[in-house]
>>> print(open('final.pdb').read())   # PDB, C-alpha atoms
ATOM      1  CA  MET E   1       2.041 -16.976  16.642  1.00  0.00           C
ATOM      2  CA  LEU E   2       0.432 -14.713  14.036  1.00  0.00           C
ATOM      3  CA  THR E   3       2.738 -12.571  11.943  1.00  0.00           C
ATOM      4  CA  ASP E   4       2.135  -8.814  11.771  1.00  0.00           C
ATOM      5  CA  GLU E   5       0.577  -9.264   8.333  1.00  0.00           C
ATOM      6  CA  GLN E   6      -1.727 -12.006   9.657  1.00  0.00           C
ATOM      7  CA  LYS E   7      -2.647  -9.840  12.655  1.00  0.00           C
ATOM      8  CA  ASN E   8      -3.716  -7.160  10.216  1.00  0.00           C
ATOM      9  CA  THR E   9      -5.790  -9.696   8.273  1.00  0.00           C
ATOM     10  CA  PHE E  10      -7.411 -10.995  11.462  1.00  0.00           C
ATOM     11  CA  SER E  11      -7.754  -7.658  13.281  1.00  0.00           C
ATOM     12  CA  SER E  12     -11.507  -8.228  13.533  1.00  0.00           C
ATOM     13  CA  LEU E  13     -10.820 -11.286  15.706  1.00  0.00           C
ATOM     14  CA  ARG E  14      -9.033  -9.028  18.191  1.00  0.00           C
ATOM     15  CA  VAL E  15     -12.017  -6.661  18.194  1.00  0.00           C
ATOM     16  CA  GLU E  16     -14.346  -9.624  18.766  1.00  0.00           C
ATOM     17  CA  ILE E  17     -12.340 -10.637  21.867  1.00  0.00           C
ATOM     18  CA  ILE E  18     -12.365  -7.042  23.142  1.00  0.00           C
ATOM     19  CA  ASP E  19     -16.140  -6.804  22.604  1.00  0.00           C
ATOM     20  CA  ILE E  20     -16.674 -10.039  24.548  1.00  0.00           C
ATOM     21  CA  ASN E  21     -14.711  -8.677  27.510  1.00  0.00           C
ATOM     22  CA  ILE E  22     -16.503  -5.318  27.536  1.00  0.00           C
ATOM     23  CA  LEU E  23     -19.919  -6.948  27.223  1.00  0.00           C
ATOM     24  CA  ALA E  24     -19.199  -9.625  29.845  1.00  0.00           C
ATOM     25  CA  HIS E  25     -18.186  -7.014  32.402  1.00  0.00           C
ATOM     26  CA  LEU E  26     -21.205  -4.815  31.723  1.00  0.00           C
ATOM     27  CA  PHE E  27     -23.613  -7.772  31.670  1.00  0.00           C
ATOM     28  CA  VAL E  28     -22.456  -9.022  35.076  1.00  0.00           C
ATOM     29  CA  ARG E  29     -22.429  -5.502  36.530  1.00  0.00           C
ATOM     30  CA  LYS E  30     -26.006  -4.940  35.343  1.00  0.00           C
ATOM     31  CA  PHE E  31     -27.073  -8.414  36.512  1.00  0.00           C
ATOM     32  CA  ASN E  32     -25.530  -7.791  39.925  1.00  0.00           C
ATOM     33  CA  ARG E  33     -27.737  -4.701  40.294  1.00  0.00           C
ATOM     34  CA  ILE E  34     -31.033  -6.640  40.059  1.00  0.00           C
ATOM     35  CA  GLY E  35     -31.395  -7.089  43.846  1.00  0.00           C
ATOM     36  CA  TYR E  36     -30.952  -3.351  44.376  1.00  0.00           C
ATOM     37  CA  LEU E  37     -33.467  -2.551  41.641  1.00  0.00           C
ATOM     38  CA  PHE E  38     -36.130  -4.741  43.228  1.00  0.00           C
ATOM     39  CA  GLN E  39     -35.765  -2.639  46.374  1.00  0.00           C
ATOM     40  CA  LYS E  40     -35.278   0.830  44.887  1.00  0.00           C
ATOM     41  CA  SER E  41     -36.901   0.908  41.465  1.00  0.00           C
ATOM     42  CA  THR E  42     -40.151   0.470  39.593  1.00  0.00           C
ATOM     43  CA  ARG E  43     -41.405  -2.664  37.868  1.00  0.00           C
ATOM     44  CA  HIS E  44     -41.131  -0.829  34.567  1.00  0.00           C
ATOM     45  CA  HIS E  45     -37.448  -0.123  35.174  1.00  0.00           C
ATOM     46  CA  ILE E  46     -36.858  -3.763  36.144  1.00  0.00           C
ATOM     47  CA  PHE E  47     -38.600  -4.836  32.935  1.00  0.00           C
ATOM     48  CA  GLU E  48     -36.231  -2.551  30.971  1.00  0.00           C
ATOM     49  CA  GLU E  49     -33.268  -4.140  32.734  1.00  0.00           C
ATOM     50  CA  PHE E  50     -34.462  -7.660  31.924  1.00  0.00           C
ATOM     51  CA  VAL E  51     -34.828  -6.747  28.253  1.00  0.00           C
ATOM     52  CA  SER E  52     -31.362  -5.167  28.260  1.00  0.00           C
ATOM     53  CA  LEU E  53     -29.892  -8.233  29.950  1.00  0.00           C
ATOM     54  CA  ARG E  54     -31.561 -10.545  27.410  1.00  0.00           C
ATOM     55  CA  TYR E  55     -30.021  -8.651  24.495  1.00  0.00           C
ATOM     56  CA  MET E  56     -26.645  -8.470  26.240  1.00  0.00           C
ATOM     57  CA  GLU E  57     -26.736 -12.223  26.850  1.00  0.00           C
ATOM     58  CA  ASN E  58     -27.667 -12.785  23.200  1.00  0.00           C
ATOM     59  CA  GLY E  59     -24.745 -10.548  22.225  1.00  0.00           C
ATOM     60  CA  LEU E  60     -22.342 -12.624  24.294  1.00  0.00           C
ATOM     61  CA  ILE E  61     -23.690 -15.807  22.696  1.00  0.00           C
ATOM     62  CA  LEU E  62     -23.273 -14.350  19.203  1.00  0.00           C
ATOM     63  CA  HIS E  63     -19.746 -13.058  19.854  1.00  0.00           C
ATOM     64  CA  LEU E  64     -18.632 -16.366  21.367  1.00  0.00           C
ATOM     65  CA  THR E  65     -20.159 -18.467  18.609  1.00  0.00           C
ATOM     66  CA  ASN E  66     -18.804 -16.143  15.873  1.00  0.00           C
ATOM     67  CA  LEU E  67     -15.349 -17.237  16.958  1.00  0.00           C
ATOM     68  CA  ASP E  68     -16.279 -20.778  15.851  1.00  0.00           C
ATOM     69  CA  ASP E  69     -17.707 -19.783  12.464  1.00  0.00           C
ATOM     70  CA  ASP E  70     -16.358 -21.610   9.395  1.00  0.00           C
ATOM     71  CA  HIS E  71     -16.604 -18.683   6.984  1.00  0.00           C
ATOM     72  CA  SER E  72     -15.752 -15.646   9.073  1.00  0.00           C
ATOM     73  CA  LYS E  73     -12.617 -13.503   8.897  1.00  0.00           C
ATOM     74  CA  PHE E  74     -12.712 -13.121  12.677  1.00  0.00           C
ATOM     75  CA  SER E  75     -12.992 -16.728  13.798  1.00  0.00           C
ATOM     76  CA  PHE E  76     -10.540 -19.158  15.297  1.00  0.00           C
ATOM     77  CA  ARG E  77     -11.394 -21.513  12.445  1.00  0.00           C
ATOM     78  CA  SER E  78     -10.123 -18.995   9.868  1.00  0.00           C
ATOM     79  CA  VAL E  79      -6.963 -18.456  11.906  1.00  0.00           C
ATOM     80  CA  GLU E  80      -6.494 -22.228  12.057  1.00  0.00           C
ATOM     81  CA  LYS E  81      -6.600 -22.521   8.254  1.00  0.00           C
ATOM     82  CA  GLU E  82      -4.054 -19.730   7.868  1.00  0.00           C
ATOM     83  CA  ILE E  83      -1.723 -21.007  10.581  1.00  0.00           C
ATOM     84  CA  LYS E  84      -1.654 -24.513   9.106  1.00  0.00           C
ATOM     85  CA  LYS E  85      -0.180 -22.984   5.941  1.00  0.00           C
ATOM     86  CA  SER E  86       2.482 -20.875   7.610  1.00  0.00           C
ATOM     87  CA  LEU E  87       3.406 -22.132  11.085  1.00  0.00           C
ATOM     88  CA  LYS E  88       6.469 -24.344  11.245  1.00  0.00           C
ATOM     89  CA  ASP E  89       6.546 -24.926  15.038  1.00  0.00           C
ATOM     90  CA  GLN E  90       4.640 -28.192  15.483  1.00  0.00           C
ATOM     91  CA  LYS E  91       4.474 -27.823  19.292  1.00  0.00           C
ATOM     92  CA  GLN E  92       2.664 -24.507  18.960  1.00  0.00           C
ATOM     93  CA  LEU E  93       0.373 -25.906  16.286  1.00  0.00           C
ATOM     94  CA  LYS E  94      -0.461 -28.905  18.457  1.00  0.00           C
ATOM     95  CA  LYS E  95      -1.192 -26.664  21.463  1.00  0.00           C
ATOM     96  CA  PHE E  96      -3.382 -24.393  19.339  1.00  0.00           C
ATOM     97  CA  ASN E  97      -5.299 -27.364  17.918  1.00  0.00           C
ATOM     98  CA  LYS E  98      -5.905 -28.704  21.414  1.00  0.00           C
ATOM     99  CA  LEU E  99      -7.193 -25.316  22.648  1.00  0.00           C
ATOM    100  CA  LEU E 100      -9.385 -24.998  19.571  1.00  0.00           C
ATOM    101  CA  ASP E 101     -10.782 -28.539  19.855  1.00  0.00           C
ATOM    102  CA  THR E 102     -11.724 -27.903  23.486  1.00  0.00           C
ATOM    103  CA  TYR E 103     -13.381 -24.590  22.575  1.00  0.00           C
ATOM    104  CA  ARG E 104     -15.314 -26.169  19.703  1.00  0.00           C
ATOM    105  CA  GLN E 105     -16.523 -28.976  21.942  1.00  0.00           C
ATOM    106  CA  ASP E 106     -17.522 -26.589  24.731  1.00  0.00           C
ATOM    107  CA  ILE E 107     -19.258 -24.066  22.438  1.00  0.00           C
ATOM    108  CA  ASN E 108     -21.359 -26.658  20.613  1.00  0.00           C
ATOM    109  CA  LYS E 109     -24.369 -26.683  22.986  1.00  0.00           C
ATOM    110  CA  LEU E 110     -24.449 -22.899  23.152  1.00  0.00           C
ATOM    111  CA  LYS E 111     -24.157 -22.700  19.387  1.00  0.00           C
ATOM    112  CA  THR E 112     -26.911 -25.189  18.573  1.00  0.00           C
ATOM    113  CA  ALA E 113     -29.415 -24.658  21.387  1.00  0.00           C
ATOM    114  CA  HIS E 114     -29.112 -20.933  21.889  1.00  0.00           C
ATOM    115  CA  ARG E 115     -27.652 -19.279  18.803  1.00  0.00           C
ATOM    116  CA  ASN E 116     -29.160 -21.462  16.103  1.00  0.00           C
ATOM    117  CA  MET E 117     -32.479 -22.401  17.654  1.00  0.00           C
ATOM    118  CA  ARG E 118     -33.315 -19.495  19.945  1.00  0.00           C
ATOM    119  CA  ILE E 119     -31.631 -16.418  18.481  1.00  0.00           C
ATOM    120  CA  ALA E 120     -31.253 -17.107  14.749  1.00  0.00           C
ATOM    121  CA  HIS E 121     -34.386 -19.111  13.982  1.00  0.00           C
ATOM    122  CA  LEU E 122     -36.649 -18.092  16.866  1.00  0.00           C
ATOM    123  CA  ARG E 123     -37.696 -21.675  17.508  1.00  0.00           C
ATOM    124  CA  TYR E 124     -38.872 -21.855  21.072  1.00  0.00           C
ATOM    125  CA  GLU E 125     -40.034 -25.138  22.533  1.00  0.00           C
ATOM    126  CA  GLU E 126     -41.898 -23.003  25.042  1.00  0.00           C
ATOM    127  CA  ASP E 127     -42.052 -19.342  25.946  1.00  0.00           C
ATOM    128  CA  LEU E 128     -38.696 -18.073  27.079  1.00  0.00           C
ATOM    129  CA  PRO E 129     -39.286 -16.234  30.342  1.00  0.00           C
ATOM    130  CA  LEU E 130     -37.815 -12.755  30.193  1.00  0.00           C
ATOM    131  CA  ASP E 131     -36.219 -13.149  33.597  1.00  0.00           C
ATOM    132  CA  GLN E 132     -34.543 -16.487  32.827  1.00  0.00           C
ATOM    133  CA  PHE E 133     -30.907 -16.380  31.791  1.00  0.00           C
ATOM    134  CA  LEU E 134     -28.155 -18.885  31.210  1.00  0.00           C
ATOM    135  CA  ASN E 135     -26.013 -19.677  34.220  1.00  0.00           C
ATOM    136  CA  PHE E 136     -23.251 -17.183  33.486  1.00  0.00           C
ATOM    137  CA  GLU E 137     -20.617 -18.795  35.680  1.00  0.00           C
ATOM    138  CA  LYS E 138     -21.170 -22.300  34.268  1.00  0.00           C
ATOM    139  CA  GLU E 139     -22.238 -21.714  30.661  1.00  0.00           C
ATOM    140  CA  LEU E 140     -20.759 -18.416  29.461  1.00  0.00           C
ATOM    141  CA  TYR E 141     -17.807 -17.549  31.685  1.00  0.00           C
ATOM    142  CA  PRO E 142     -15.754 -20.695  30.889  1.00  0.00           C
ATOM    143  CA  LEU E 143     -16.187 -19.952  27.175  1.00  0.00           C
ATOM    144  CA  ILE E 144     -15.131 -16.336  27.683  1.00  0.00           C
ATOM    145  CA  LYS E 145     -12.005 -17.484  29.515  1.00  0.00           C
ATOM    146  CA  SER E 146     -11.275 -20.004  26.765  1.00  0.00           C
ATOM    147  CA  ALA E 147     -11.774 -17.398  24.017  1.00  0.00           C
ATOM    148  CA  ASN E 148      -9.360 -15.069  25.831  1.00  0.00           C
ATOM    149  CA  LEU E 149      -6.803 -17.855  26.202  1.00  0.00           C
ATOM    150  CA  ILE E 150      -6.949 -18.762  22.512  1.00  0.00           C
ATOM    151  CA  GLY E 151      -6.967 -15.123  21.423  1.00  0.00           C
ATOM    152  CA  ASP E 152      -3.889 -14.375  23.539  1.00  0.00           C
ATOM    153  CA  PHE E 153      -2.154 -17.480  22.234  1.00  0.00           C
ATOM    154  CA  VAL E 154      -2.607 -16.658  18.563  1.00  0.00           C
ATOM    155  CA  TRP E 155      -1.939 -12.937  19.093  1.00  0.00           C
ATOM    156  CA  GLY E 156       1.204 -13.649  21.084  1.00  0.00           C
ATOM    157  CA  THR E 157       0.210 -11.215  23.816  1.00  0.00           C
ATOM    158  CA  LYS E 158      -2.715 -10.490  26.118  1.00  0.00           C
ATOM    159  CA  ILE E 159      -5.562  -8.878  24.170  1.00  0.00           C
ATOM    160  CA  ASN E 160      -6.745  -5.985  26.284  1.00  0.00           C
ATOM    161  CA  TYR E 161      -8.751  -2.790  26.072  1.00  0.00           C
ATOM    162  CA  SER E 162      -8.987   0.048  28.553  1.00  0.00           C
ATOM    163  CA  PHE E 163     -11.337   3.007  28.671  1.00  0.00           C
ATOM    164  CA  ASN E 164     -10.765   6.253  30.532  1.00  0.00           C
ATOM    165  CA  LEU E 165     -14.042   7.421  32.046  1.00  0.00           C
ATOM    166  CA  GLY E 166     -12.596  10.829  32.903  1.00  0.00           C
ATOM    167  CA  SER E 167     -10.168  12.593  35.163  1.00  0.00           C
ATOM    168  CA  ASN E 168     -12.109  11.791  38.364  1.00  0.00           C
ATOM    169  CA  GLU E 169     -12.739   8.107  37.688  1.00  0.00           C
ATOM    170  CA  LYS E 170     -10.472   5.156  37.334  1.00  0.00           C
ATOM    171  CA  ILE E 171      -9.543   3.659  33.986  1.00  0.00           C
ATOM    172  CA  LEU E 172     -11.626   0.602  33.134  1.00  0.00           C
ATOM    173  CA  ASP E 173      -9.320  -2.283  32.222  1.00  0.00           C
ATOM    174  CA  PHE E 174     -11.885  -4.622  30.693  1.00  0.00           C
ATOM    175  CA  ARG E 175      -9.657  -7.674  30.548  1.00  0.00           C
ATOM    176  CA  ASN E 176      -8.769  -7.399  34.235  1.00  0.00           C
ATOM    177  CA  LEU E 177     -12.415  -6.733  35.098  1.00  0.00           C
ATOM    178  CA  THR E 178     -13.493  -9.790  33.097  1.00  0.00           C
ATOM    179  CA  GLU E 179     -10.906 -12.019  34.736  1.00  0.00           C
ATOM    180  CA  ASN E 180     -12.373 -11.160  38.146  1.00  0.00           C
ATOM    181  CA  LEU E 181     -16.114 -11.430  37.455  1.00  0.00           C
ATOM    182  CA  LYS E 182     -18.419 -12.707  40.180  1.00  0.00           C
ATOM    183  CA  VAL E 183     -22.175 -13.011  39.827  1.00  0.00           C
ATOM    184  CA  ASN E 184     -24.034 -11.757  42.896  1.00  0.00           C
ATOM    185  CA  VAL E 185     -27.416 -10.096  42.315  1.00  0.00           C
ATOM    186  CA  ASN E 186     -27.020  -8.046  45.499  1.00  0.00           C
ATOM    187  CA  GLU E 187     -23.492  -6.724  44.866  1.00  0.00           C
ATOM    188  CA  GLU E 188     -24.264  -3.425  43.111  1.00  0.00           C
ATOM    189  CA  LYS E 189     -25.978  -0.933  45.421  1.00  0.00           C
ATOM    190  CA  ASP E 190     -26.249   2.057  43.130  1.00  0.00           C
ATOM    191  CA  PHE E 191     -26.905   3.168  39.588  1.00  0.00           C
TER
END
>>> encode(input="final.pdb", output="structure tokens")
Amino acid sequence: MLTDEQKNTFSSLRVEIIDINILAHLFVRKFNRIGYLFQKSTRHHIFEEFVSLRYMENGLILHLTNLDDDHSKFSFRSVEKEIKKSLKDQKQLKKFNKLLDTYRQDINKLKTAHRNMRIAHLRYEEDLPLDQFLNFEKELYPLIKSANLIGDFVWGTKINYSFNLGSNEKILDFRNLTENLKVNVNEEKDF
């Protein structure tokens, strides 16, 4: 859907999608280690993990809501404005608008309650317990899937990023890893 020139202009959007996938995988992996840590670690280490998870969750919220920003060069809204000027295929434009409308509707609660009130303005109705997180599978994961779907649609191909850990380990394909995420606090049994 985007031309090569537009892809260059919106390259930061691609990076935003990649960052979401990397962070989602690492967040769930770390979260899935909590059960093991309660058995094999110290309270101090668990506290460190909760703080790390809080900042990772905040990062996911910020990345996801950045994609809905009116004034950003790396948002779906900016892509929408550009595409309306250049895209001639009305079917594609209609499909994109439908995907974007759904994303905007779905992201609204996360954007207002968590990004605006909790992260940006630090307005807490009550203390936010350090060990309390959003329900990843119900509140964040659907938005991540939607962001990937829209990103792929406008890019015209699957946005992916892989990282080679070394010659003795497998290559981490973050998009594939993100597509197969499962939250289970007892899944990871090692550091």
>>> closest_atom_pairs(input="final.pdb", of="region 123-173 of chain E", to="region 66-73 of chain E", cutoff="12 Å", atoms="all atoms listed in the file", output="CSV")
residue,atom,partner,partner_atom,distance
E:Leu143,CA,E:Leu67,CA,10.6
E:Ile144,CA,E:Leu67,CA,10.8
E:Ser146,CA,E:Leu67,CA,11.0
E:Ala147,CA,E:Leu67,CA,7.9
E:Asn148,CA,E:Leu67,CA,10.9
E:Ile150,CA,E:Leu67,CA,10.2
E:Gly151,CA,E:Leu67,CA,9.7
>>> residues_near_point(input="final.pdb", point="(-12.3, -27.0, 17.1)", cutoff="12 Å", atoms="all atoms listed in the file", output="VMD selection string")
chain E and resid 65 67 to 70 75 to 81 95 to 108 146 to 147 150
>>> atom_distance(input="final.pdb", atom1="CA of Lys30 (chain E)", atom2="CA of Asn160 (chain E)")
21.3 Å
>>> residues_around(input="final.pdb", residues="Arg54 (chain E)", least_positions_apart="3", cutoff="10 Å", atoms="only C-alpha atoms", output="CSV table (one decimal) with C-alpha atoms, keeping the file's coordinate frame")
chain,number,residue,atom,x,y,z
E,27,PHE,CA,-23.6,-7.8,31.7
E,48,GLU,CA,-36.2,-2.6,31.0
E,49,GLU,CA,-33.3,-4.1,32.7
E,50,PHE,CA,-34.5,-7.7,31.9
E,51,VAL,CA,-34.8,-6.7,28.3
E,57,GLU,CA,-26.7,-12.2,26.8
E,58,ASN,CA,-27.7,-12.8,23.2
E,59,GLY,CA,-24.7,-10.5,22.2
E,60,LEU,CA,-22.3,-12.6,24.3
E,130,LEU,CA,-37.8,-12.8,30.2
E,131,ASP,CA,-36.2,-13.1,33.6
E,132,GLN,CA,-34.5,-16.5,32.8
E,133,PHE,CA,-30.9,-16.4,31.8
E,134,LEU,CA,-28.2,-18.9,31.2
>>> atom_distance(input="final.pdb", atom1="CA of Val183 (chain E)", atom2="CA of Trp155 (chain E)")
29.0 Å
>>> resolve_selection(input="final.pdb", expression="the PyMOL selection byres ((chain E and resi 20) around 9)", output="list in words")
Val15, Glu16, Ile17, Ile18, Asp19, Asn21, Ile22, Leu23, Ala24, His25, Gly59, Leu60, His63, Leu64, Ile144, Ala147 and Asn148 of chain E
>>> build_atoms(input="final.pdb", residues="region 137-159 of chain E", atoms="N, CA, C and O atoms", output="PDB file, in the coordinates of the input")
ATOM      1  N   GLU E 137     -21.864 -18.223  35.171  1.00  0.00           N
ATOM      2  CA  GLU E 137     -20.617 -18.795  35.680  1.00  0.00           C
ATOM      3  C   GLU E 137     -20.335 -20.202  35.145  1.00  0.00           C
ATOM      4  O   GLU E 137     -19.181 -20.607  35.056  1.00  0.00           O
ATOM      5  N   LYS E 138     -21.365 -20.937  34.769  1.00  0.00           N
ATOM      6  CA  LYS E 138     -21.170 -22.300  34.268  1.00  0.00           C
ATOM      7  C   LYS E 138     -21.227 -22.408  32.750  1.00  0.00           C
ATOM      8  O   LYS E 138     -20.575 -23.268  32.167  1.00  0.00           O
ATOM      9  N   GLU E 139     -22.027 -21.555  32.100  1.00  0.00           N
ATOM     10  CA  GLU E 139     -22.238 -21.714  30.661  1.00  0.00           C
ATOM     11  C   GLU E 139     -21.522 -20.682  29.801  1.00  0.00           C
ATOM     12  O   GLU E 139     -21.120 -20.993  28.678  1.00  0.00           O
ATOM     13  N   LEU E 140     -21.385 -19.457  30.280  1.00  0.00           N
ATOM     14  CA  LEU E 140     -20.759 -18.416  29.461  1.00  0.00           C
ATOM     15  C   LEU E 140     -19.324 -18.093  29.893  1.00  0.00           C
ATOM     16  O   LEU E 140     -18.431 -17.971  29.055  1.00  0.00           O
ATOM     17  N   TYR E 141     -19.112 -17.970  31.186  1.00  0.00           N
ATOM     18  CA  TYR E 141     -17.807 -17.549  31.685  1.00  0.00           C
ATOM     19  C   TYR E 141     -16.668 -18.492  31.275  1.00  0.00           C
ATOM     20  O   TYR E 141     -15.604 -18.019  30.838  1.00  0.00           O
ATOM     21  N   PRO E 142     -16.845 -19.813  31.354  1.00  0.00           N
ATOM     22  CA  PRO E 142     -15.754 -20.695  30.889  1.00  0.00           C
ATOM     23  C   PRO E 142     -15.419 -20.489  29.407  1.00  0.00           C
ATOM     24  O   PRO E 142     -14.250 -20.553  29.018  1.00  0.00           O
ATOM     25  N   LEU E 143     -16.425 -20.203  28.598  1.00  0.00           N
ATOM     26  CA  LEU E 143     -16.187 -19.952  27.175  1.00  0.00           C
ATOM     27  C   LEU E 143     -15.466 -18.629  26.960  1.00  0.00           C
ATOM     28  O   LEU E 143     -14.623 -18.509  26.067  1.00  0.00           O
ATOM     29  N   ILE E 144     -15.806 -17.637  27.767  1.00  0.00           N
ATOM     30  CA  ILE E 144     -15.131 -16.336  27.683  1.00  0.00           C
ATOM     31  C   ILE E 144     -13.659 -16.502  28.044  1.00  0.00           C
ATOM     32  O   ILE E 144     -12.775 -15.987  27.344  1.00  0.00           O
ATOM     33  N   LYS E 145     -13.396 -17.235  29.114  1.00  0.00           N
ATOM     34  CA  LYS E 145     -12.005 -17.484  29.515  1.00  0.00           C
ATOM     35  C   LYS E 145     -11.252 -18.238  28.420  1.00  0.00           C
ATOM     36  O   LYS E 145     -10.095 -17.926  28.114  1.00  0.00           O
ATOM     37  N   SER E 146     -11.894 -19.214  27.834  1.00  0.00           N
ATOM     38  CA  SER E 146     -11.275 -20.004  26.765  1.00  0.00           C
ATOM     39  C   SER E 146     -11.000 -19.139  25.535  1.00  0.00           C
ATOM     40  O   SER E 146      -9.931 -19.235  24.928  1.00  0.00           O
ATOM     41  N   ALA E 147     -11.962 -18.301  25.163  1.00  0.00           N
ATOM     42  CA  ALA E 147     -11.774 -17.398  24.017  1.00  0.00           C
ATOM     43  C   ALA E 147     -10.598 -16.458  24.268  1.00  0.00           C
ATOM     44  O   ALA E 147      -9.779 -16.214  23.367  1.00  0.00           O
ATOM     45  N   ASN E 148     -10.487 -15.938  25.488  1.00  0.00           N
ATOM     46  CA  ASN E 148      -9.360 -15.069  25.831  1.00  0.00           C
ATOM     47  C   ASN E 148      -8.042 -15.825  25.734  1.00  0.00           C
ATOM     48  O   ASN E 148      -7.054 -15.302  25.204  1.00  0.00           O
ATOM     49  N   LEU E 149      -8.014 -17.031  26.231  1.00  0.00           N
ATOM     50  CA  LEU E 149      -6.803 -17.855  26.202  1.00  0.00           C
ATOM     51  C   LEU E 149      -6.352 -18.108  24.763  1.00  0.00           C
ATOM     52  O   LEU E 149      -5.172 -17.933  24.427  1.00  0.00           O
ATOM     53  N   ILE E 150      -7.284 -18.495  23.916  1.00  0.00           N
ATOM     54  CA  ILE E 150      -6.949 -18.762  22.512  1.00  0.00           C
ATOM     55  C   ILE E 150      -6.544 -17.468  21.802  1.00  0.00           C
ATOM     56  O   ILE E 150      -5.562 -17.437  21.054  1.00  0.00           O
ATOM     57  N   GLY E 151      -7.303 -16.409  22.038  1.00  0.00           N
ATOM     58  CA  GLY E 151      -6.967 -15.123  21.423  1.00  0.00           C
ATOM     59  C   GLY E 151      -5.569 -14.664  21.794  1.00  0.00           C
ATOM     60  O   GLY E 151      -4.784 -14.249  20.934  1.00  0.00           O
ATOM     61  N   ASP E 152      -5.228 -14.753  23.085  1.00  0.00           N
ATOM     62  CA  ASP E 152      -3.889 -14.375  23.539  1.00  0.00           C
ATOM     63  C   ASP E 152      -2.824 -15.254  22.894  1.00  0.00           C
ATOM     64  O   ASP E 152      -1.763 -14.772  22.508  1.00  0.00           O
ATOM     65  N   PHE E 153      -3.122 -16.533  22.800  1.00  0.00           N
ATOM     66  CA  PHE E 153      -2.154 -17.480  22.234  1.00  0.00           C
ATOM     67  C   PHE E 153      -1.843 -17.140  20.782  1.00  0.00           C
ATOM     68  O   PHE E 153      -0.680 -17.055  20.398  1.00  0.00           O
ATOM     69  N   VAL E 154      -2.865 -16.934  19.982  1.00  0.00           N
ATOM     70  CA  VAL E 154      -2.607 -16.658  18.563  1.00  0.00           C
ATOM     71  C   VAL E 154      -2.054 -15.248  18.359  1.00  0.00           C
ATOM     72  O   VAL E 154      -1.297 -15.009  17.423  1.00  0.00           O
ATOM     73  N   TRP E 155      -2.418 -14.321  19.231  1.00  0.00           N
ATOM     74  CA  TRP E 155      -1.939 -12.937  19.093  1.00  0.00           C
ATOM     75  C   TRP E 155      -0.516 -12.789  19.620  1.00  0.00           C
ATOM     76  O   TRP E 155       0.188 -11.853  19.266  1.00  0.00           O
ATOM     77  N   GLY E 156      -0.140 -13.700  20.521  1.00  0.00           N
ATOM     78  CA  GLY E 156       1.204 -13.649  21.084  1.00  0.00           C
ATOM     79  C   GLY E 156       1.337 -12.696  22.252  1.00  0.00           C
ATOM     80  O   GLY E 156       2.426 -12.481  22.771  1.00  0.00           O
ATOM     81  N   THR E 157       0.243 -12.133  22.681  1.00  0.00           N
ATOM     82  CA  THR E 157       0.210 -11.215  23.816  1.00  0.00           C
ATOM     83  C   THR E 157      -1.231 -11.137  24.323  1.00  0.00           C
ATOM     84  O   THR E 157      -2.169 -11.531  23.625  1.00  0.00           O
ATOM     85  N   LYS E 158      -1.386 -10.625  25.519  1.00  0.00           N
ATOM     86  CA  LYS E 158      -2.715 -10.490  26.118  1.00  0.00           C
ATOM     87  C   LYS E 158      -3.513  -9.430  25.360  1.00  0.00           C
ATOM     88  O   LYS E 158      -3.067  -8.288  25.214  1.00  0.00           O
ATOM     89  N   ILE E 159      -4.684  -9.817  24.869  1.00  0.00           N
ATOM     90  CA  ILE E 159      -5.562  -8.878  24.170  1.00  0.00           C
ATOM     91  C   ILE E 159      -6.330  -8.105  25.240  1.00  0.00           C
ATOM     92  O   ILE E 159      -7.052  -8.685  26.051  1.00  0.00           O
TER      93      ILE E 159
END
